[in-house]
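*Asks:* Next comes data35.txt, compact mmCIF, C-alpha atoms:
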```txt
# COMPACT_ATOMS: atom_id res chain seq x y z
CA MET R 1 79.02 80.70 68.66
CA TYR R 2 81.04 83.62 67.36
CA SER R 3 82.87 83.48 64.08
CA LEU R 4 86.52 84.51 64.00
CA ASN R 5 85.62 87.96 62.66
CA GLN R 6 82.96 88.37 65.32
CA VAL R 7 85.48 87.52 68.01
CA ASN R 8 87.83 90.09 66.50
CA ASN R 9 85.17 92.78 66.84
CA LEU R 10 84.13 91.52 70.25
CA VAL R 11 87.52 91.69 71.97
CA SER R 12 88.85 94.70 70.01
CA CYS R 13 92.26 94.67 71.65
CA GLY R 14 94.92 94.99 69.02
CA ARG R 15 94.52 91.95 66.80
CA ASP R 16 96.10 92.28 63.37
CA PRO R 17 93.76 94.17 61.00
CA ALA R 18 93.70 91.16 58.73
CA ARG R 19 94.41 87.51 59.29
CA SER R 20 96.26 87.26 55.96
CA LEU R 21 99.78 87.47 57.43
CA PRO R 22 100.05 83.95 58.89
CA PHE R 23 98.44 82.33 55.87
CA TRP R 24 100.51 84.35 53.40
CA ARG R 25 103.74 83.51 55.20
CA GLY R 26 102.91 79.85 55.59
CA PHE R 27 101.71 79.23 52.07
CA LEU R 28 104.55 81.19 50.52
CA LEU R 29 107.09 78.74 51.91
CA THR R 30 105.13 75.51 51.73
CA PRO R 31 104.49 75.31 47.96
CA LEU R 32 108.15 76.07 47.19
CA ILE R 33 109.28 73.17 49.36
CA LEU R 34 106.65 70.84 48.00
CA VAL R 35 107.59 71.69 44.39
CA TRP R 36 111.24 71.05 45.21
CA LEU R 37 110.36 67.70 46.71
CA ALA R 38 108.37 66.81 43.62
CA PHE R 39 111.52 67.01 41.52
CA ALA R 40 113.81 65.31 44.05
CA PRO R 41 116.24 62.83 42.44
CA ASN R 42 115.43 59.14 42.22
CA ALA R 43 111.75 59.80 42.80
CA GLN R 44 109.47 56.88 42.27
CA THR R 45 106.08 55.76 43.37
CA THR R 46 105.81 53.87 46.65
CA PRO R 47 103.41 50.93 46.72
CA ASP R 48 100.00 52.06 48.00
CA PRO R 49 99.81 50.91 50.74
CA GLY R 50 102.75 48.72 51.67
CA SER R 51 105.59 47.86 53.98
CA VAL R 52 108.89 49.41 53.00
CA GLY R 53 112.49 49.59 54.15
CA GLY R 54 113.20 48.18 57.60
CA SER R 55 110.72 46.38 59.79
CA LEU R 56 107.38 47.76 60.94
CA ASN R 57 107.37 50.60 58.42
CA THR R 58 104.19 51.56 56.60
CA ALA R 59 103.97 53.88 53.61
CA ASP R 60 100.95 55.12 51.70
CA GLY R 61 101.48 57.92 49.23
CA PHE R 62 103.73 59.19 46.48
CA HIS R 63 107.42 59.02 47.67
CA ALA R 64 106.34 58.25 51.23
CA LEU R 65 109.23 56.69 53.22
CA PHE R 66 111.18 56.33 49.99
CA ASN R 67 114.66 56.09 51.61
CA VAL R 68 113.81 54.56 54.97
CA THR R 69 116.01 51.96 56.68
CA GLY R 70 114.80 52.65 60.23
CA PHE R 71 111.85 50.88 61.81
CA ALA R 72 108.35 51.57 63.15
CA ASN R 73 107.80 54.57 60.89
CA THR R 74 104.55 55.50 59.19
CA GLY R 75 104.38 57.82 56.21
CA LEU R 76 100.94 58.72 54.86
CA GLY R 77 100.86 61.31 52.13
CA TRP R 78 102.80 62.76 49.25
CA ASN R 79 106.55 62.88 50.08
CA SER R 80 105.86 62.12 53.70
CA LEU R 81 109.16 61.16 55.43
CA LEU R 82 110.79 61.24 52.00
CA PHE R 83 114.43 61.53 53.12
CA ASP R 84 114.14 59.70 56.42
CA THR R 85 116.77 56.95 56.48
CA THR R 86 117.66 55.89 60.03
CA GLY R 87 114.89 57.67 61.94
CA ASN R 88 112.61 55.49 64.04
CA TYR R 89 109.11 55.70 65.54
CA ASN R 90 108.06 58.60 63.33
CA THR R 91 104.58 59.23 61.99
CA GLY R 92 103.82 61.61 59.17
CA ALA R 93 100.29 62.06 57.86
CA GLY R 94 99.91 64.71 55.21
CA ALA R 95 101.69 66.04 52.17
CA GLY R 96 105.34 66.74 52.90
CA THR R 97 105.16 65.87 56.58
CA LEU R 98 108.58 65.20 58.11
CA ALA R 99 110.05 65.17 54.59
CA LEU R 100 113.62 65.96 55.69
CA ASN R 101 113.46 64.19 59.03
CA ASN R 102 116.19 61.84 60.16
CA ALA R 103 115.43 61.87 63.89
CA ASP R 104 113.26 59.75 66.17
CA ILE R 105 109.80 59.83 67.73
CA ASN R 106 108.25 62.70 65.82
CA THR R 107 104.58 62.95 64.86
CA ALA R 108 103.33 65.28 62.15
CA VAL R 109 99.72 65.52 61.01
CA GLY R 110 98.78 68.12 58.41
CA ALA R 111 100.19 69.41 55.16
CA ALA R 112 103.85 70.45 55.54
CA ALA R 113 103.84 69.84 59.29
CA LEU R 114 107.46 69.49 60.47
CA ILE R 115 108.51 69.47 56.83
CA LEU R 116 112.00 70.90 57.49
CA ASN R 117 112.75 68.97 60.66
CA THR R 118 116.07 67.15 60.49
CA LEU R 119 117.42 66.40 63.99
CA GLY R 120 114.63 67.53 66.32
CA THR R 121 113.21 64.64 68.31
CA ARG R 122 109.99 63.90 70.17
CA ASN R 123 108.03 66.68 68.49
CA THR R 124 104.31 66.56 67.83
CA ALA R 125 102.80 68.86 65.21
CA VAL R 126 99.12 68.69 64.30
CA GLY R 127 97.79 71.21 61.81
CA GLY R 128 98.57 72.58 58.39
CA GLY R 129 101.92 74.37 58.49
CA ALA R 130 102.50 73.47 62.12
CA MET R 131 106.20 73.67 63.04
CA VAL R 132 107.15 74.10 59.38
CA ASN R 133 110.60 75.56 60.11
CA ASN R 134 111.62 73.36 63.03
CA ALA R 135 115.08 71.91 62.38
CA GLY R 136 116.73 70.78 65.63
CA ASP R 137 120.29 69.82 66.38
CA ALA R 138 122.31 67.17 68.19
CA LEU R 139 122.16 69.19 71.45
CA GLY R 140 118.42 68.72 71.84
CA ASN R 141 117.40 72.09 70.49
CA GLY R 142 114.26 71.91 68.39
CA SER R 143 113.00 68.94 70.40
CA PHE R 144 110.19 68.10 72.83
CA ASN R 145 107.75 70.55 71.25
CA GLY R 146 104.02 70.16 70.83
CA ALA R 147 102.02 72.19 68.32
CA VAL R 148 98.31 71.77 67.69
CA GLY R 149 96.64 74.16 65.27
CA ALA R 150 97.23 75.61 61.84
CA PHE R 151 100.63 77.36 61.76
CA ALA R 152 101.24 76.73 65.45
CA LEU R 153 104.96 77.16 66.19
CA ASN R 154 105.32 77.87 62.49
CA ALA R 155 108.71 79.64 62.68
CA ASN R 156 110.27 77.53 65.42
CA GLU R 157 113.82 76.44 64.60
CA THR R 158 115.69 75.57 67.78
CA GLY R 159 113.19 76.28 70.55
CA PHE R 160 112.50 73.29 72.76
CA SER R 161 109.91 72.13 75.28
CA ASN R 162 107.28 74.48 73.89
CA ASN R 163 103.59 73.66 73.75
CA ALA R 164 101.32 75.64 71.45
CA MET R 165 97.63 74.93 70.94
CA GLY R 166 95.53 77.18 68.75
CA ASP R 167 95.56 78.81 65.36
CA SER R 168 98.94 80.57 64.90
CA ALA R 169 99.80 80.05 68.55
CA MET R 170 103.50 80.93 69.04
CA PHE R 171 103.57 81.60 65.30
CA ARG R 172 106.87 83.53 65.23
CA ASN R 173 108.81 81.75 67.97
CA ILE R 174 112.33 80.90 66.79
CA ALA R 175 114.45 79.91 69.77
CA GLY R 176 112.29 80.55 72.84
CA ALA R 177 112.00 77.54 75.15
CA ALA R 178 109.66 76.10 77.76
CA ASN R 179 106.70 78.26 76.76
CA THR R 180 103.04 77.22 76.83
CA ALA R 181 100.42 78.88 74.64
CA VAL R 182 96.78 77.82 74.51
CA GLY R 183 94.43 79.90 72.40
CA ASP R 184 94.12 81.55 69.01
CA LEU R 185 97.19 83.82 68.50
CA ALA R 186 98.43 83.18 72.02
CA LEU R 187 102.11 84.18 72.24
CA GLU R 188 101.97 84.80 68.50
CA ASN R 189 105.08 87.02 68.40
CA ASN R 190 107.01 85.28 71.16
CA ASP R 191 110.76 85.38 70.46
CA SER R 192 110.21 86.81 66.98
CA SER R 193 113.60 88.49 67.51
CA GLY R 194 115.29 85.11 67.72
CA ASP R 195 117.26 86.23 70.78
CA GLY R 196 116.12 83.23 72.81
CA ASP R 197 115.19 85.40 75.80
CA ALA R 198 111.44 84.74 75.76
CA ASN R 199 111.27 81.64 77.91
CA PHE R 200 109.02 80.18 80.62
CA ASN R 201 105.92 82.09 79.53
CA CYS R 202 102.40 80.71 79.91
CA ALA R 203 99.49 82.13 77.93
CA PHE R 204 95.97 80.73 78.20
CA GLY R 205 93.34 82.52 76.15
CA ALA R 206 92.91 84.02 72.71
CA GLN R 207 95.58 86.68 72.10
CA ALA R 208 97.07 86.21 75.55
CA LEU R 209 100.64 87.57 75.48
CA GLU R 210 100.16 88.00 71.76
CA ALA R 211 102.75 90.76 71.27
CA ASN R 212 105.42 89.34 73.58
CA VAL R 213 108.87 89.41 71.98
CA ASN R 214 111.49 89.10 74.72
CA GLY R 215 109.38 88.93 77.86
CA ASP R 216 110.34 86.14 80.25
CA SER R 217 108.49 84.19 82.95
CA ASN R 218 105.08 85.79 82.44
CA ASN R 219 101.76 84.12 83.15
CA ALA R 220 98.63 85.35 81.39
CA VAL R 221 95.22 83.70 81.78
CA GLY R 222 92.27 85.21 79.95
CA ALA R 223 91.41 86.59 76.53
CA ALA R 224 93.88 89.33 75.59
CA ALA R 225 95.55 89.16 78.99
CA MET R 226 98.92 90.93 78.65
CA SER R 227 98.28 91.14 74.92
CA SER R 228 100.61 94.16 74.47
CA ASN R 229 103.56 92.90 76.49
CA LEU R 230 106.86 93.28 74.66
CA SER R 231 109.66 92.66 77.14
CA GLY R 232 108.04 92.79 80.57
CA LEU R 233 109.24 90.13 83.00
CA PHE R 234 107.72 88.16 85.88
CA ASN R 235 104.17 89.48 85.45
CA GLN R 236 101.05 87.61 86.50
CA ALA R 237 97.70 88.43 84.87
CA MET R 238 94.44 86.57 85.39
CA GLY R 239 91.27 87.82 83.74
CA ALA R 240 90.18 89.07 80.34
CA PHE R 241 92.25 92.13 79.36
CA ALA R 242 94.18 92.04 82.64
CA LEU R 243 97.41 94.03 82.15
CA SER R 244 96.43 94.22 78.49
CA SER R 245 98.44 97.44 77.90
CA ASN R 246 101.57 96.37 79.74
CA SER R 247 104.61 96.69 77.51
CA VAL R 248 107.77 96.69 79.63
CA GLY R 249 106.42 96.74 83.19
CA ALA R 250 107.77 93.97 85.41
CA SER R 251 106.68 92.01 88.46
CA ASN R 252 103.05 93.13 88.35
CA VAL R 253 100.15 91.06 89.63
CA ALA R 254 96.69 91.75 88.18
CA ILE R 255 93.71 89.53 88.99
CA GLY R 256 90.27 90.40 87.69
CA ASP R 257 88.60 91.43 84.48
CA SER R 258 90.54 94.40 83.04
CA ALA R 259 92.62 94.69 86.22
CA ALA R 260 95.39 97.26 85.69
CA ALA R 261 94.38 97.26 82.03
CA ASN R 262 96.09 100.58 81.29
CA ASN R 263 99.40 99.90 82.97
CA GLY R 264 102.18 100.24 80.43
CA THR R 265 105.51 100.69 82.18
CA GLY R 266 104.67 100.50 85.87
CA SER R 267 106.24 97.72 87.92
CA PHE R 268 105.71 95.95 91.23
CA ASN R 269 101.98 96.72 91.33
CA THR R 270 99.48 94.34 92.91
CA VAL R 271 95.93 94.88 91.70
CA ILE R 272 93.11 92.53 92.67
CA GLY R 273 89.52 93.14 91.62
CA ASP R 274 87.26 93.66 88.64
CA LEU R 275 88.28 96.90 86.85
CA ALA R 276 90.67 97.72 89.68
CA GLY R 277 93.59 100.09 89.11
CA PRO R 278 92.37 101.66 85.84
CA ASP R 279 94.46 104.81 86.29
CA ILE R 280 97.84 103.18 86.74
CA GLY R 281 100.00 103.88 83.70
CA SER R 282 103.58 104.21 84.85
CA GLY R 283 103.10 104.14 88.62
CA SER R 284 104.85 101.47 90.65
CA ASP R 285 104.66 99.75 94.03
CA ASN R 286 100.90 100.19 94.40
CA ILE R 287 98.53 97.78 96.12
CA TYR R 288 94.85 97.97 95.14
CA ILE R 289 92.28 95.50 96.46
CA GLY R 290 88.60 95.43 95.54
CA ALA R 291 86.43 95.95 92.49
CA GLY R 292 87.12 99.40 91.06
CA ALA R 293 89.79 100.17 93.65
CA GLY R 294 91.83 103.19 92.56
CA THR R 295 89.23 104.52 90.13
CA GLY R 296 89.52 108.26 89.52
CA VAL R 297 92.67 108.80 91.58
CA GLY R 298 95.11 109.26 88.70
CA ASP R 299 98.45 107.62 88.13
CA GLU R 300 100.36 107.24 91.39
CA SER R 301 103.02 105.19 93.16
CA GLN R 302 103.63 103.63 96.56
CA THR R 303 99.97 103.75 97.58
CA ILE R 304 97.63 101.22 99.16
CA ARG R 305 93.91 101.45 98.38
CA ILE R 306 91.16 99.07 99.47
CA GLY R 307 87.76 99.43 97.83
CA GLU R 308 86.37 102.06 95.49
CA GLN R 309 85.44 105.39 97.04
CA GLY R 310 81.68 105.83 97.42
CA PHE R 311 80.90 102.11 97.41
CA ILE R 312 82.25 100.97 100.79
CA GLY R 313 80.34 102.00 103.90
CA ALA R 314 82.14 100.27 106.76
CA CYS R 315 85.53 98.74 107.53
CA PHE R 316 86.23 95.91 109.93
CA ILE R 317 89.76 94.67 110.50
CA GLN R 318 90.39 92.09 113.18
CA GLY R 319 93.46 92.09 115.41
CA ILE R 320 93.53 95.85 116.04
CA SER R 321 91.05 96.64 118.76
CA GLY R 322 92.37 95.82 122.23
CA VAL R 323 95.93 95.25 121.09
CA GLY R 324 98.30 97.69 122.73
CA VAL R 325 101.30 98.94 120.76
CA SER R 326 103.68 101.84 121.07
CA GLY R 327 104.16 104.40 118.34
CA ASP R 328 102.46 107.34 116.67
CA GLY R 329 98.75 107.95 116.87
CA VAL R 330 96.82 107.24 113.66
CA VAL R 331 94.04 109.40 112.24
CA VAL R 332 91.78 109.17 109.17
CA ASP R 333 90.98 112.14 106.94
CA ALA R 334 87.76 112.75 105.03
CA ASN R 335 89.09 110.83 102.00
CA GLY R 336 89.82 107.75 104.06
CA GLN R 337 93.58 108.21 104.09
CA LEU R 338 95.40 106.89 107.13
CA GLY R 339 98.29 108.78 108.67
CA THR R 340 99.69 110.45 111.78
CA ALA R 341 98.13 113.65 113.08
CA ALA R 342 99.49 116.94 111.71
CA ALA R 343 101.76 119.11 113.83
CA GLY R 344 99.71 121.22 116.26
CA SER R 345 96.82 118.81 116.29
CA PRO R 346 95.77 117.59 119.76
CA LEU R 347 96.44 114.08 118.43
CA SER R 348 99.89 114.81 117.02
CA LEU R 349 102.83 113.02 118.58
CA LYS R 350 104.33 116.32 119.83
CA GLU R 351 101.11 117.32 121.54
CA VAL R 352 100.63 113.86 122.99
CA VAL R 353 104.15 113.99 124.43
CA LYS R 354 103.51 117.44 125.86
CA GLN R 355 100.27 116.30 127.48
CA ARG R 356 102.03 113.26 128.83
CA GLN R 357 104.68 115.49 130.39
CA VAL R 358 101.98 117.68 131.97
CA VAL R 359 100.28 114.60 133.38
CA GLN R 360 103.56 113.34 134.75
CA GLN R 361 104.25 116.73 136.38
CA LEU R 362 100.78 116.81 137.91
CA LYS R 363 101.26 113.29 139.14
CA ALA R 364 104.60 114.21 140.71
CA THR R 365 103.06 117.30 142.38
CA THR R 366 100.17 115.25 143.66
CA GLU R 367 102.52 112.64 145.04
CA LYS R 368 104.50 115.38 146.89
CA GLN R 369 101.34 116.87 148.32
CA ALA R 370 100.14 113.46 149.39
CA ALA R 371 103.47 112.81 151.11
CA ARG R 372 103.27 116.20 152.90
CA ILE R 373 99.72 115.50 154.06
CA ALA R 374 100.74 112.07 155.30
CA LEU R 375 103.62 113.65 157.28
CA GLN R 376 101.29 116.20 158.83
CA GLU R 377 98.83 113.44 159.73
CA ASN R 378 101.65 111.55 161.46
CA GLN R 379 102.68 114.69 163.34
CA ILE R 380 99.10 115.30 164.46
CA GLN R 381 98.80 111.71 165.62
CA THR R 382 102.08 112.03 167.59
CA LEU R 383 100.94 115.34 169.17
CA THR R 384 97.58 113.83 170.05
CA VAL R 385 99.29 110.96 171.83
CA ALA R 386 101.57 113.40 173.70
CA LEU R 387 98.64 115.57 174.79
CA LYS R 388 96.79 112.52 175.98
CA GLN R 389 99.77 111.47 178.05
CA GLN R 390 100.05 114.99 179.55
CA ALA R 391 96.36 114.97 180.47
CA GLU R 392 96.81 111.67 182.27
CA GLN R 393 99.80 113.10 184.23
CA ILE R 394 97.81 116.19 185.21
CA GLN R 395 95.03 114.01 186.52
CA LYS R 396 97.49 111.98 188.62
CA VAL R 397 99.06 115.17 190.12
CA SER R 398 95.62 116.59 190.90
CA ALA R 399 94.72 113.43 192.77
CA GLN R 400 97.91 113.56 194.83
CA LEU R 401 97.32 117.16 195.72
CA GLU R 402 93.89 116.33 196.96
CA MET R 403 95.34 113.72 199.33
CA VAL R 404 97.87 116.06 201.02
CA ARG R 405 95.53 118.99 201.43
CA PRO R 406 94.87 119.66 205.27
CA ALA R 407 91.43 119.06 206.69
CA PRO R 408 89.32 122.17 207.09
CA ARG R 409 88.97 123.62 210.67
CA VAL R 410 86.18 125.55 212.36
CA VAL R 411 87.22 128.87 213.87
CA GLY R 412 85.03 130.44 216.39
CA ASN R 413 84.28 134.19 216.52
CA ARG R 414 85.32 135.58 219.73
```
Written as structure tokens, how would this file's structure read?
*Replies:*
Amino acid sequence: MYSLNQVNNLVSCGRDPARSLPFWRGFLLTPLILVWLAFAPNAQTTPDPGSVGGSLNTADGFHALFNVTGFANTGLGWNSLLFDTTGNYNTGAGAGTLALNNADINTAVGAAALILNTLGTRNTAVGGGAMVNNAGDALGNGSFNGAVGAFALNANETGFSNNAMGDSAMFRNIAGAANTAVGDLALENNDSSGDGDANFNCAFGAQALEANVNGDSNNAVGAAAMSSNLSGLFNQAMGAFALSSNSVGASNVAIGDSAAANNGTGSFNTVIGDLAGPDIGSGSDNIYIGAGAGTGVGDESQTIRIGEQGFIGACFIQGISGVGVSGDGVVVDANGQLGTAAAGSPLSLKEVVKQRQVVQQLKATTEKQAARIALQENQIQTLTVALKQQAEQIQKVSAQLEMVRPAPRVVGNR
């Protein structure tokens, strides 16, 4: 197993130089609150353990459930659920958990977890400093969140329906809603601006979407996937380091280890394959398919590439051969690029049309000659019939002449 520092060196993709920031921020606030709670008015020791306030309440710890009148609450730890009065079905286990809470169905496990929550409901925070700043309001903001891990959703105030699992996951989220982060530092900076624009993001993997501030509706699966995204929208990344440099690019799809890893501002690219599309930086509307597709071609736009040059030896695409269509002839150059033949080429559309016209003219000439020959053959046949009839008439006349010819006579010589 790798230690945290080993993982930092292993992935090497922009993690904070030191991990002191989350701990410094969390522990700067937590002791101040805990000291304030220690001197809260009317403080007294709660029986250890014991049932307090309304029915089904259980308290174990200094000041735990001190003011409770609600029911089915459990406070375990110093000042746990200290100011809860009418809240119900809450569980706080750890020093200061849910100390200011007066809402229902919250669960906090870990020192200072949900310590500032007042009206947020149905939240679950497990881990030291988890959801420390969550407050909530009567409109449902700050509710329905789940945080598991030290400092997970640490800064959340009014964000709702978020789920963060992992150390410092969604650490700086303030008002972003409906986000899911699973992994160490996943969505760490989400909605750190507090604008509430960073919603509907899903990050699965250590440092996935780590830098996201205002990006919306992104999905990142894999360690450091989309780790540099700031405000890019509608991106889909699956694979370690996929779209890891994307900052503001939108509507990109990258599937594969390090797919489109260098894309920063390009949009509408679809890249599928291990290490595919490494040269895309600001290009848009590209489609690359295959491991290493687009390697060494430079940044470009509006281009389709299948396979990496030099690694693919044959191409078979069904549904082409034997299917007749009308249109321009297609040729392939030495680089594998498809296109229509250049002007002047025997395969160009202009030349094909010219040849077609020549063929049609030859066909027309041939048809005329064939018609002329057929006419002559008919004339010869007619003449032959006429000559035959004349021969028969001559024979009949000859026979008649033979019948009327006088008989020969003998003439004596006197």
*Asks:* Between R:Ala314, R:Ala113, R:Asn123, R:Thr180, which has the minimum distance to Phe151 of chain R (counting only C-alpha atoms)?
*Replies:*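 Selected residue with least distance to Phe151 of chain R: R:Ala113.
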*Asks:* Report the distance between atom CA of Thr340 of chain R and atom CA of Ile304 of chain R in Å, rounded to one decimal place.
*Replies:*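 Computing the Euclidean distance for atom CA of Thr340 of chain R and atom CA of Ile304 of chain R yields 15.8 Å.
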*Asks:* Find the residues around Gly310 of chain R up to 12 Å (all atoms listed in the file counted), leave out those fewer than 3 positions away in its own chain, and share them as a PyMOL selection string.
*Replies:* chain R and resi 292-296+306-307+313-314+334-336
*Asks:* Restricting it to C-alpha atoms, dump the selection as a PDB file, keeping the file's coordinate frame.
*Replies:*
```
ATOM      1  CA  GLY R 292      87.120  99.400  91.060  1.00  0.00           C
ATOM      2  CA  ALA R 293      89.790 100.170  93.650  1.00  0.00           C
ATOM      3  CA  GLY R 294      91.830 103.190  92.560  1.00  0.00           C
ATOM      4  CA  THR R 295      89.230 104.520  90.130  1.00  0.00           C
ATOM      5  CA  GLY R 296      89.520 108.260  89.520  1.00  0.00           C
ATOM      6  CA  ILE R 306      91.160  99.070  99.470  1.00  0.00           C
ATOM      7  CA  GLY R 307      87.760  99.430  97.830  1.00  0.00           C
ATOM      8  CA  GLY R 313      80.340 102.000 103.900  1.00  0.00           C
ATOM      9  CA  ALA R 314      82.140 100.270 106.760  1.00  0.00           C
ATOM     10  CA  ALA R 334      87.760 112.750 105.030  1.00  0.00           C
ATOM     11  CA  ASN R 335      89.090 110.830 102.000  1.00  0.00           C
ATOM     12  CA  GLY R 336      89.820 107.750 104.060  1.00  0.00           C
TER      13      GLY R 336
END
```
*Asks:* For the atom pair atom CA of Gln395 of chain R and atom CA of Gln379 of chain R, what is the interatomic distance in Å to one decimal place?
*Replies:*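 Atom-to-atom, atom CA of Gln395 of chain R and atom CA of Gln379 of chain R are spaced 24.4 Å apart.
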*Asks:* Of the candidates R:Val253, R:Ile380, R:Ala374, R:Ala259, which one gets nearest to Asp285 of chain R if we count only C-alpha atoms?
*Replies:* R:Val253
*Asks:* Nearest to Ser161 of chain R among R:Phe200, R:Gln390, R:Gly128, R:Asn189, with distances taken over only C-alpha atoms: which residue is it?
*Replies:*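 Comparing R:Phe200, R:Gln390, R:Gly128, R:Asn189 against Ser161 of chain R, the winner is R:Phe200.
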*Asks:* Got a sec: who's within 10 Å of Thr91 of chain R, counting all atoms listed in the file, leaving out chain neighbours fewer than 5 positions off, as a ChimeraX atom specification?
*Replies:* /R:57-59,72-76,80-81,97-98,104-109,124
*Asks:* Take the residues just selected and output them with C-alpha atoms as a JSON list (two decimals), in the coordinates of the input.
*Replies:*
```json
[["chain", "number", "residue", "atom", "x", "y", "z"],
["R", 57, "ASN", "CA", 107.37, 50.60, 58.42],
["R", 58, "THR", "CA", 104.19, 51.56, 56.60],
["R", 59, "ALA", "CA", 103.97, 53.88, 53.61],
["R", 72, "ALA", "CA", 108.35, 51.57, 63.15],
["R", 73, "ASN", "CA", 107.80, 54.57, 60.89],
["R", 74, "THR", "CA", 104.55, 55.50, 59.19],
["R", 75, "GLY", "CA", 104.38, 57.82, 56.21],
["R", 76, "LEU", "CA", 100.94, 58.72, 54.86],
["R", 80, "SER", "CA", 105.86, 62.12, 53.70],
["R", 81, "LEU", "CA", 109.16, 61.16, 55.43],
["R", 97, "THR", "CA", 105.16, 65.87, 56.58],
["R", 98, "LEU", "CA", 108.58, 65.20, 58.11],
["R", 104, "ASP", "CA", 113.26, 59.75, 66.17],
["R", 105, "ILE", "CA", 109.80, 59.83, 67.73],
["R", 106, "ASN", "CA", 108.25, 62.70, 65.82],
["R", 107, "THR", "CA", 104.58, 62.95, 64.86],
["R", 108, "ALA", "CA", 103.33, 65.28, 62.15],
["R", 109, "VAL", "CA", 99.72, 65.52, 61.01],
["R", 124, "THR", "CA", 104.31, 66.56, 67.83]]
```
*Asks:* For each of R:Ala260, R:Ile317, R:Ala178, R:Leu116, take the minimum atom-to-atom distance to Ala291 of chain R, counting all atoms listed in the file, then give the residue where this is smallest.
*Replies:*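 The closest residue to Ala291 of chain R is R:Ala260.
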*Asks:* By how many Å are atom CA of Ala169 of chain R and atom CA of Arg122 of chain R apart?
*Replies:* 19.2 Å
